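A.B. asks: I'd like to ask some things about the structure below.
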Amino acid sequence: MNSAHLLEDNTSKEQLKPRKKQSNFRKNWKLLIFIIPTIVYIFIFAYLPMYGVVIAFQDFAPGDDMLSLNANWVGFANFTRFFNEFRFKQLIVNTFMLSILGFIVGFPLPIIVALLLNSLKSKKASNIFQRIFYAPHFISVVVMAGMLYLFFGEYGLVNNIVRALGGSGTSYFLKASMFRPLFIFSGNWQDFGWSSIIYLAALAGVDPHLHEAAIVDGASRVRRIWSIDLPAILPTVAVMLILSIGNLMSVGHEKVLLMQTGANISVSEIISTFVYKIGIGGGQYGYATAIGLFNSVINVVLLVIANLSTRKLTGNSIW
Amino acid sequence: MKNKLLVGLTALLCLTGCQTTTSKISIDIDEVGYQWEDTDAPVIREKGAVSFDVIAPKNALADNYADMKVLNDIYDETYVKINWRNMSETSYATRKNLIMANKNEHPDAIYHAGFTDKDIIQYSSRKVIIPLDPYFDKMPNLTRILDKRPDVRKVLTAPDGHIYSLPKVEEMNLLPYPNLLFLNKVWVTDLINSGKIDFLTVADLKDGLNLTLEQYRTILTHFKANDMNGNGRDDELPLSFVYQNWQGNQSDLYAAFGIPENVDHMTLINGQVTFTATSDAWKDATNYLSGWVYEGLIDKEVFSHTQDAFLAKGKASNQRLGSFYWWESETVVTNPQDYIVLNPLIGPNGKQQIGVANNHEITRGEFVVFAKAPNPEIMLTHFDRFYDPMWSAQINYGPIGIVYEEELDANGKLVQKEIPAGLTADELRLKNAPLGLLYLSEEEWENTVNMEPRAVLRLARLAKHAVPYVIEGATPIPNITFTMTEINALATIQSDVIDYIYEQQTLWLLNGGPTDAQFNTFKTTLENIGLSQMINIYQTAYERFTA
Amino acid sequence: MVEAVKMRKRRHWRKDTIGDRIYYIFTWFILILLAAIVIYPLYFIVIASISNPDAIFNGEVYFYPLKITFDGYKRLFDEPLIWSGYLNTIIYTVFGTAFNLLLTIPAGWALSRKNLPFRRVITWFMVITMFFGGGLIPYYLLVAKLNLVDNPLSMIILGGVSVWNVFVVKSYFTENIPSELLEAAQIDGCGEFRSFWHVVLPLAKPIIAVMVLFYAVGHWNSYFDALIFLSDEKYFPLQLVLRDILITAEVTSQSGGSAETIIEQAKIANQIKYSSIIVSSIPILVFYPLVQKFFKAGFLVGSFK
């Protein structure tokens with residue numbers, strides 16, 4: 001059984017000569033039909049609107065014609081304005097820290113949970129646990145933040161318990177140092193169950209004969225997980241890893257804004273909250289687009305780095 | 001299956017077909033019998049012969065405007081049909097830009113447009129919205145108001161001298177005074193009776209009590225240290241409010257130190273724009289108050305809780321609030337009769353002073369008309385009716401027949417009907433009143449409609465416990481207009497300034513006030529962000545306004 | 001088949017080693033701990049949905065409901081749009097997910113085949129869209145041009161494919177469909193379409209189940225597209241209706257609301273906060289077990305026969 005085959009094996013790349021390419025096409029054109037509708041769809045809904053990126057280089061008001069030569073072109077002014085922003089460094093650092101820390105904690109957890117659940121003898125128990133674990137996924141952001149204030153507020157449940165046990169309690173919302181832990185912990189709490197689903201599905205594809213054979217050979221449960229389950233989900237893990245890294249700098253603004261107080265602005269003001277505030281604050285469309293573009297470029301750079309590293313380490317990459 | 005999909009998609013693409021470009025079809029105003037002079041008679045001869053498309057965001061609890069009695073009643077009077085296109089406020093907040101971007105979707109007008117000054121300048125210079133002042137001669141009600149009130153006209157006038165939006169005026173003289181300090185007199189009585197407090201007698205505990213900061217602090221300390229509500233739990237909140245909220249905020253605590261503080265940290269003293277957060281008194285106030293926070297005298301959650309969370313705190317099974325800032329007690333606590341109103345606290349300089357808030361009672365940008373609208377004069381005459389006192393009252397509170405009785409009282413004023421069971425006054429109002437274009441000022445409160453009882457109560461309290469104590473010469477910054485250059489400069493500077501102060505102030509109040517060195521750094525940073533520039537812009541704009 | 005049964009029986013007789021037993025104790029401990037951390041807040045939501053909001057804010061409701069009130073639910077179900085919202089959401093979810101599957105599964109399959117012409121180009125083509133977009137305004141203008149604004153069809157067509165999901169499907173096929181299987185089918189005379197239909201799809205049940213789940217839940221929870229593209233209330237999906245009531249507290253007084261009205265709205269929003277979660281997620285929670293059935297182990301077992 002070949003593992004890790006989703007990714008291209010680039011170690012033996014050959015340059016297809018034009019003649020070979022043509023015959024490849026003639027032999028396999030039918031395969032294209034499977035993907036043409038998707039390509040058309042993506043072209044219409046993702047590529048056609050992409051010209052909007054030019055707004056980043058304009059002083060734009062909705063209703064202006066973006067593509068005309070008479071539009072208010074300002075070159076890189078929006079970008080320089082962002083780089084000179086009072087909080088520029090803070091925004092980058094905060095966004096990065098929030099996402100990388102969240103990633104480090106939040107990436108392995110669903111995998112481990114999936115492995116554990118899959119290893120249970122009782123499928124019924126596994127199912128019950130699954131259902132419990134993914135339920136938090138459906139709690140909306142607004143309610144989630146409300147509950148966090150309730151449980152972790154000055155007089156919330158957690159502080160009450162701590163004080164009852166003799167401690168002095170912590171200001172989770174009024175201390176900058178507690179913002180990231182609270183944000184990340186609650187995010188993982190909410191998502192680990194849901195994120196484990198994809199790994200559970202991958203594990204479902206494992207041939208039970210492999211396990212039977214391993215048992216016969218005297219392998220322990222742990223040993224079996226290590227040598228059968230883990231390799232089986234490694235390709236899924238690899239895909240999710242690369243895709244997640246590409247999204248690293250894209251922490252959304254809603255939950256952060258709800259959890260933001262004057263005391264934690266220094267760590268909680270991230271790129272997306274900043275952009276949101278400009279948006280409602282004063283219709284600075286060009287500026288907001290420029291920042292978004294900048295953000296995307298960083299994401300691409302991260303993705304390329306992630307892919308190159310995977311290629312160097314394992315000889316596989318996403319293309 | 002895949003083929004069918006392809007065909008479907010191509011068909012979709014073909015639907016792009018003809019773009020509906022809206023062209024102006026002018027109506028012959030003589031043919032429809034257009035008149036504007038008689039403000040009680042129909043505007044056109046035939047009911048419904050002329051109609052306009054108006055987008056109007058509304059909140060979720062309001063009825064659709066097509067079903068609202070008030071609006072239909074006005075239609076019955078004017079015969080001009082308005083095709084209301086409602087959407088939720090949240091939807092509008094996102095869609096406003098999209099609607100402006102999509103020329104095909106431009107309506108004839110937007111009600112509750114929420115156009116900022118930047119929007120107005122932007123879109124008027126692009127000729128997307130039209131100036132309205134050329135049509136004022138067809139709007140008798142509004143003209144009457146503007147003649148009486150040149151200050152309203154000034155608020156509406158854009159830098160290019162034209163007026164692009166219609167005003168909303170609701171002057172109860174309440175907004176500049178957003179804070180009243182309420183104290184739980186039952187708790188204080190307990191303290192007096194048990195001998196813990198000796199500088200007060202029970203007889204002193206009525207509205208208008210004067211306390212120094214130190215006396216008040218003593219009371220708060222006792223609140224904290226004792227089980228005032230008798231439930232065995234340490235859940236008493238000696239003082240609570242909502243930090244940096246537009247009302248019920250911490251400004252009066254700062255004002256006790258002699259600064260005209262409000263949440264913008266900016267006000268007018270004798271016509272000069274004055275910034276408060278860079279003064280030494282502000283530094284001293286922050287230092288002093290951080291002591292209160294440290295001792296637990298101020299509910300720490302003031303820095304994190306929302307308005308509604310704060311309001312819930314006064315409604316616990318056992319009362320927790322020792323004192324609080326809000327502008328009335330009835331909505332905050334379940335036992336308002338147990339609370340007295342304090343006069344502003346006596347500061348270290350021996351004076352009782354408060355500042356004023358810059359909340360505006362005259363707003364613009366509420367209603368704009370698009371260039372594509374045919375015969376805007378007909379539509380504007382229709383909306384002019386909204387400024388008739390009788391209609392303004394109903395637009396604001398709800399129609400005759402649902403909220404008000406058919407019969408006026410002896411003074412010719414509207415009489416409130418009994419509220420149906422199961423609804424609060426606010427719910428009824430939200431459901432039936434569109435709010436928006438109206439003019440309610442002194443004359444109207446006297447002759448047409450009564451203010452809500454709670455507003456009357458509030459006014460009475462403010463007159464006694466707030467207004468007399470305003471720092472001499474302090475006035476709110478009126479709703480001045482800025483030029484585009486000024487707006488662009490302010491866009492960056494102002495938000496950064498406010499953000500920075502917010503952050504520093506919170507940190508100091510929570511952790512200990514600024515040392516002189518820290519305060520100097522604070523001032524320098526503000527300068528670097530552009531504070532002086534910001535103050536100059538405001539001063540220039542203000543002088544332009546009053547010229 | 002008979003062999004598999006025999007093997008299963010044999011496994012039951014085999015005792016666990018000590019190592020195994022420690023492992024299971026450890027595993028159960030962790031899982032129960034996690035479950036407890038997850039269950040308590042869920043339990044809280046249930047009791048909060050029938051408690052008085054003021055009591056909740058004051059920390060009086062943690063382990064059992066207080067001042068029990070069904071106002072939260074009553075107000076929701078009194079709202080006529082909730083019912084049409086339910087119906088609309090179901091329609092959008094069913095048809096939208098079907099459309100999603102059509103665009104995702106075949107595409108993932110094609111990408112997983114090494115012999116797909118222009119494979120690298122197509123992959124890049126898709127990856128780029130994950131990072132760069134033109135922003136909301138051009139997107140809106142495009143949708144408007146396609147006559148999809150104020151059109152319920154938009155809820156089914158928009159968001160038709162997630163590139164992320166295509167790659168996940170691709171990975172599944174790459175890993176789980178051995179080339180020998182395909183070759184066997186082709187030797188038997190199956191072309192591309194037949195081998196996809198008869199050989200690949202049956203084996204793809206777990207990943208189809210996952211995609212159904214992801215897309216269906218995506219549709220169920222979505223509100224943003226509806227927020228911008230739908231004006232007529234009768235087409236509103238459930239989440240939009242709920243959100244309109246829930247978020248009113250956050251928006252500044254745009255529609256000329258005064259202080260009291262804003263506070264009133266916030267009060268109502270707080271009332272339905274918790275009951276809205278329950279109302280909107282019950283159907284999905286019921287739906288998941290049906291999907292779970294497809295995560296059965298050993299789907300490939302039968303394929304070799």
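Each chain of the structure tokens is named A, B, ... in the order shown, its residues numbered from 1; ligands are numbered from 1 in display order.
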May I ask you to extract the residues of chain A within 10 Å of chain B, using only C-alpha atoms, and to give them as an NGL selection string?
C.D. replies: :A and (33-38 or 40-41 or 44 or 60-65 or 81 or 85-87 or 146 or 149-150 or 153-155 or 171 or 173-176 or 258-266 or 277-285)
A.B. asks: Give me the residues of chain A that have any atom at most 6 Å from an atom of chain C; for each, the nearest atom pair and the distance in Å, rounded to one decimal. Use only C-alpha atoms, sort by chain and number, and format it as CSV.
C.D. replies:
residue,atom,partner,partner_atom,distance
A:His5,CA,C:Glu175,CA,5.9
A:Leu6,CA,C:Ser171,CA,4.7
A:Phe25,CA,C:Pro117,CA,5.5
A:Phe34,CA,C:Pro106,CA,5.1
A:Ile35,CA,C:Ala107,CA,4.4
A:Thr38,CA,C:Leu103,CA,5.2
A:Pro49,CA,C:Pro138,CA,4.9
A:Met50,CA,C:Gly134,CA,3.8
A:Tyr51,CA,C:Gly134,CA,5.7
A:Gly52,CA,C:Gly134,CA,4.0
A:Val53,CA,C:Gly134,CA,4.8
A:Ala201,CA,C:Phe295,CA,5.6
A:Ala204,CA,C:Ala297,CA,4.4
A:Gly205,CA,C:Gly298,CA,6.0
A:Asp207,CA,C:Gly298,CA,4.9
A:Pro208,CA,C:Gly298,CA,5.5
A:Ser220,CA,C:Asp20,CA,5.9
A:Arg221,CA,C:Asp20,CA,5.5
A:Ser296,CA,C:Phe131,CA,5.4
A.B. asks: Would you put the residues from that selection into a file with C-alpha atoms, as a compact mmCIF listing (two decimals), in the first residue's frame?
C.D. replies:
# COMPACT_ATOMS: atom_id res chain seq x y z
CA HIS A 5 0.53 9.58 -2.53
CA LEU A 6 -1.78 12.52 -2.66
CA PHE A 25 -4.13 14.64 -24.06
CA PHE A 34 -15.00 15.54 -14.89
CA ILE A 35 -13.41 18.78 -13.93
CA THR A 38 -15.78 23.10 -11.75
CA PRO A 49 -14.32 39.49 -10.07
CA MET A 50 -10.60 39.45 -9.47
CA TYR A 51 -10.09 42.73 -11.26
CA GLY A 52 -11.31 44.29 -8.01
CA VAL A 53 -7.81 43.94 -6.70
CA ALA A 201 -13.26 9.30 7.70
CA ALA A 204 -12.49 4.39 8.16
CA GLY A 205 -10.66 3.48 5.00
CA ASP A 207 -8.43 -2.30 5.94
CA PRO A 208 -9.39 -4.15 9.13
CA SER A 220 -0.17 -4.06 21.15
CA ARG A 221 -2.88 -1.50 20.64
CA SER A 296 -2.93 37.50 0.84
A.B. asks: Would you write out, as CSV, a table of all residues in chain B that have an atom no more than 9 Å from an atom of chain C, listing for each the closest atom pair and the distance in Å to one decimal, considering only C-alpha atoms and ordering rows by chain and rising residue number?
C.D. replies:
residue,atom,partner,partner_atom,distance
B:Met1,CA,C:Leu102,CA,9.0
B:Lys2,CA,C:Leu102,CA,8.2
B:Leu5,CA,C:Leu102,CA,8.9
B:Leu12,CA,C:Leu146,CA,6.6
B:Leu13,CA,C:Leu146,CA,6.5
B:Cys14,CA,C:Leu146,CA,8.2
B:Leu15,CA,C:Leu146,CA,6.0
B:Thr16,CA,C:Leu146,CA,5.1
B:Gly17,CA,C:Lys145,CA,8.5
B:Gln19,CA,C:Lys145,CA,7.6
B:Ala56,CA,C:Ser255,CA,8.3
B:Pro57,CA,C:Ser255,CA,6.5
B:Lys58,CA,C:Ser255,CA,5.9
B:Asn59,CA,C:Ser255,CA,7.1
B:Ala60,CA,C:Ile245,CA,6.0
B:Leu61,CA,C:Gln265,CA,7.8
B:Arg85,CA,C:Ser231,CA,8.0
B:Asn86,CA,C:Ser231,CA,7.6
B:Met87,CA,C:Ser231,CA,6.3
B:Ser88,CA,C:Asp244,CA,6.7
B:Glu89,CA,C:Ser255,CA,7.0
B:Thr90,CA,C:Val251,CA,6.8
B:Ser91,CA,C:Leu227,CA,5.5
B:Tyr92,CA,C:Ile228,CA,8.3
B:Ala93,CA,C:Val251,CA,8.5
B:Thr94,CA,C:Ile228,CA,7.1
B:Arg95,CA,C:Ile228,CA,6.0
B:Asn97,CA,C:Ile137,CA,7.8
B:Leu98,CA,C:Ile137,CA,5.9
B:Ala101,CA,C:Ile137,CA,6.9
B:Asn102,CA,C:Leu141,CA,6.3
B:Asn104,CA,C:Ala144,CA,8.8
B:Glu105,CA,C:Ala144,CA,9.0
B:Tyr111,CA,C:Ser255,CA,8.4
B:His112,CA,C:Ser255,CA,5.1
B:Ala113,CA,C:Gln254,CA,7.8
B:Gly114,CA,C:Gln254,CA,5.8
B:Lys168,CA,C:Gly256,CA,8.4
B:Gln307,CA,C:Ile263,CA,7.7
B:Asp308,CA,C:Ala266,CA,6.4
B:Ala309,CA,C:Phe57,CA,6.2
B:Phe310,CA,C:Phe57,CA,8.6
B:Leu311,CA,C:Asp54,CA,8.4
B:Ala312,CA,C:Asp54,CA,4.8
B:Lys313,CA,C:Asn58,CA,5.9
B:Gly314,CA,C:Asp54,CA,8.6
B:Lys315,CA,C:Asp54,CA,6.1
B:Ala316,CA,C:Asn58,CA,5.9
B:Ser317,CA,C:Ala55,CA,7.3
B:Glu366,CA,C:Gly256,CA,8.0
B:Asp426,CA,C:Thr261,CA,6.0
B:Glu427,CA,C:Glu264,CA,7.1
B:Arg429,CA,C:Thr261,CA,8.1
B:Leu430,CA,C:Thr261,CA,6.6
B:Pro434,CA,C:Ser255,CA,8.4
B:Leu435,CA,C:Gly256,CA,6.0
B:Gly436,CA,C:Gly256,CA,5.4
B:Leu437,CA,C:Gly256,CA,8.8
A.B. asks: Would you pick out the contacts of region 401-411 of chain B at 9 Å or less, using only C-alpha atoms, so that residues sharing its chain but fewer than 3 positions from it are not included, and give the list as a PyMOL selection string?
C.D. replies: chain B and resi 69+394+397-398+414-419+428-429+432+447-448
A.B. asks: Taking the chain letters and numbering used in this document, name the residues of region 329-528 of chain B that DSSP puts in strand (DSSP E), as a ChimeraX atom specification.
C.D. replies: /B:339-342,362-369,438-440,474-475
A.B. asks: I need the chosen residues saved as a tab-separated table (two decimals), in the first residue's frame, with C-alpha atoms.
C.D. replies:
chain	number	residue	atom	x	y	z
B	339	TYR	CA	-31.73	55.08	45.29
B	340	ILE	CA	-31.08	58.78	45.57
B	341	VAL	CA	-29.47	61.10	43.06
B	342	LEU	CA	-26.23	62.68	44.16
B	362	ILE	CA	-29.46	67.55	15.30
B	363	THR	CA	-28.27	65.00	12.76
B	364	ARG	CA	-27.82	65.03	9.02
B	365	GLY	CA	-27.31	62.34	6.42
B	366	GLU	CA	-30.66	60.78	7.31
B	367	PHE	CA	-32.21	61.09	3.86
B	368	VAL	CA	-30.59	61.48	0.46
B	369	VAL	CA	-32.01	61.69	-3.06
B	438	LEU	CA	-38.71	64.66	12.23
B	439	TYR	CA	-38.43	67.96	14.04
B	440	LEU	CA	-39.31	67.94	17.71
B	474	ALA	CA	-18.18	74.48	28.50
B	475	THR	CA	-20.43	73.72	25.56
A.B. asks: I'd like the neighbourhood of region 225-234 of chain B as a PyMOL selection string, where a residue qualifies if any of its atoms comes within 8 Å (using only C-alpha atoms), though same-chain residues fewer than 3 positions away should be ignored.
C.D. replies: chain B and resi 187+221-222+318-320
A.B. asks: What's the separation between CA of Phe199 (chain B) and CA of Thr286 (chain B), in Å to one decimal place?
C.D. replies: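 If I compute the distance from CA of Phe199 (chain B) to CA of Thr286 (chain B), I get 26.5 Å.
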A.B. asks: Could you go through region 232-420 of chain B and tell me which residues DSSP, when run on the backbone, assigns to helix (DSSP H, G or I), listing them as number ranges by chain?
C.D. replies: B: 251-255, 280-294, 300-303, 307-313, 336-338, 376-387, 389-397
A.B. asks: So that I can see what lies close to Pro178 (chain B), please list as an MDAnalysis selection string the residues with an atom at most 10 Å from it, counting only C-alpha atoms and leaving out residues fewer than 5 positions away in the same chain.
C.D. replies: chainID B and resid 245:249 251:252 262 325:328 355:359 462 466
A.B. asks: Measuring between only C-alpha atoms, which one of A:Phe179, A:Phe192, A:Phe274, A:Phe83 shows the shortest distance to Ala135 (chain A)?
C.D. replies: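 So, comparing all the options, the nearest one is A:Phe192.
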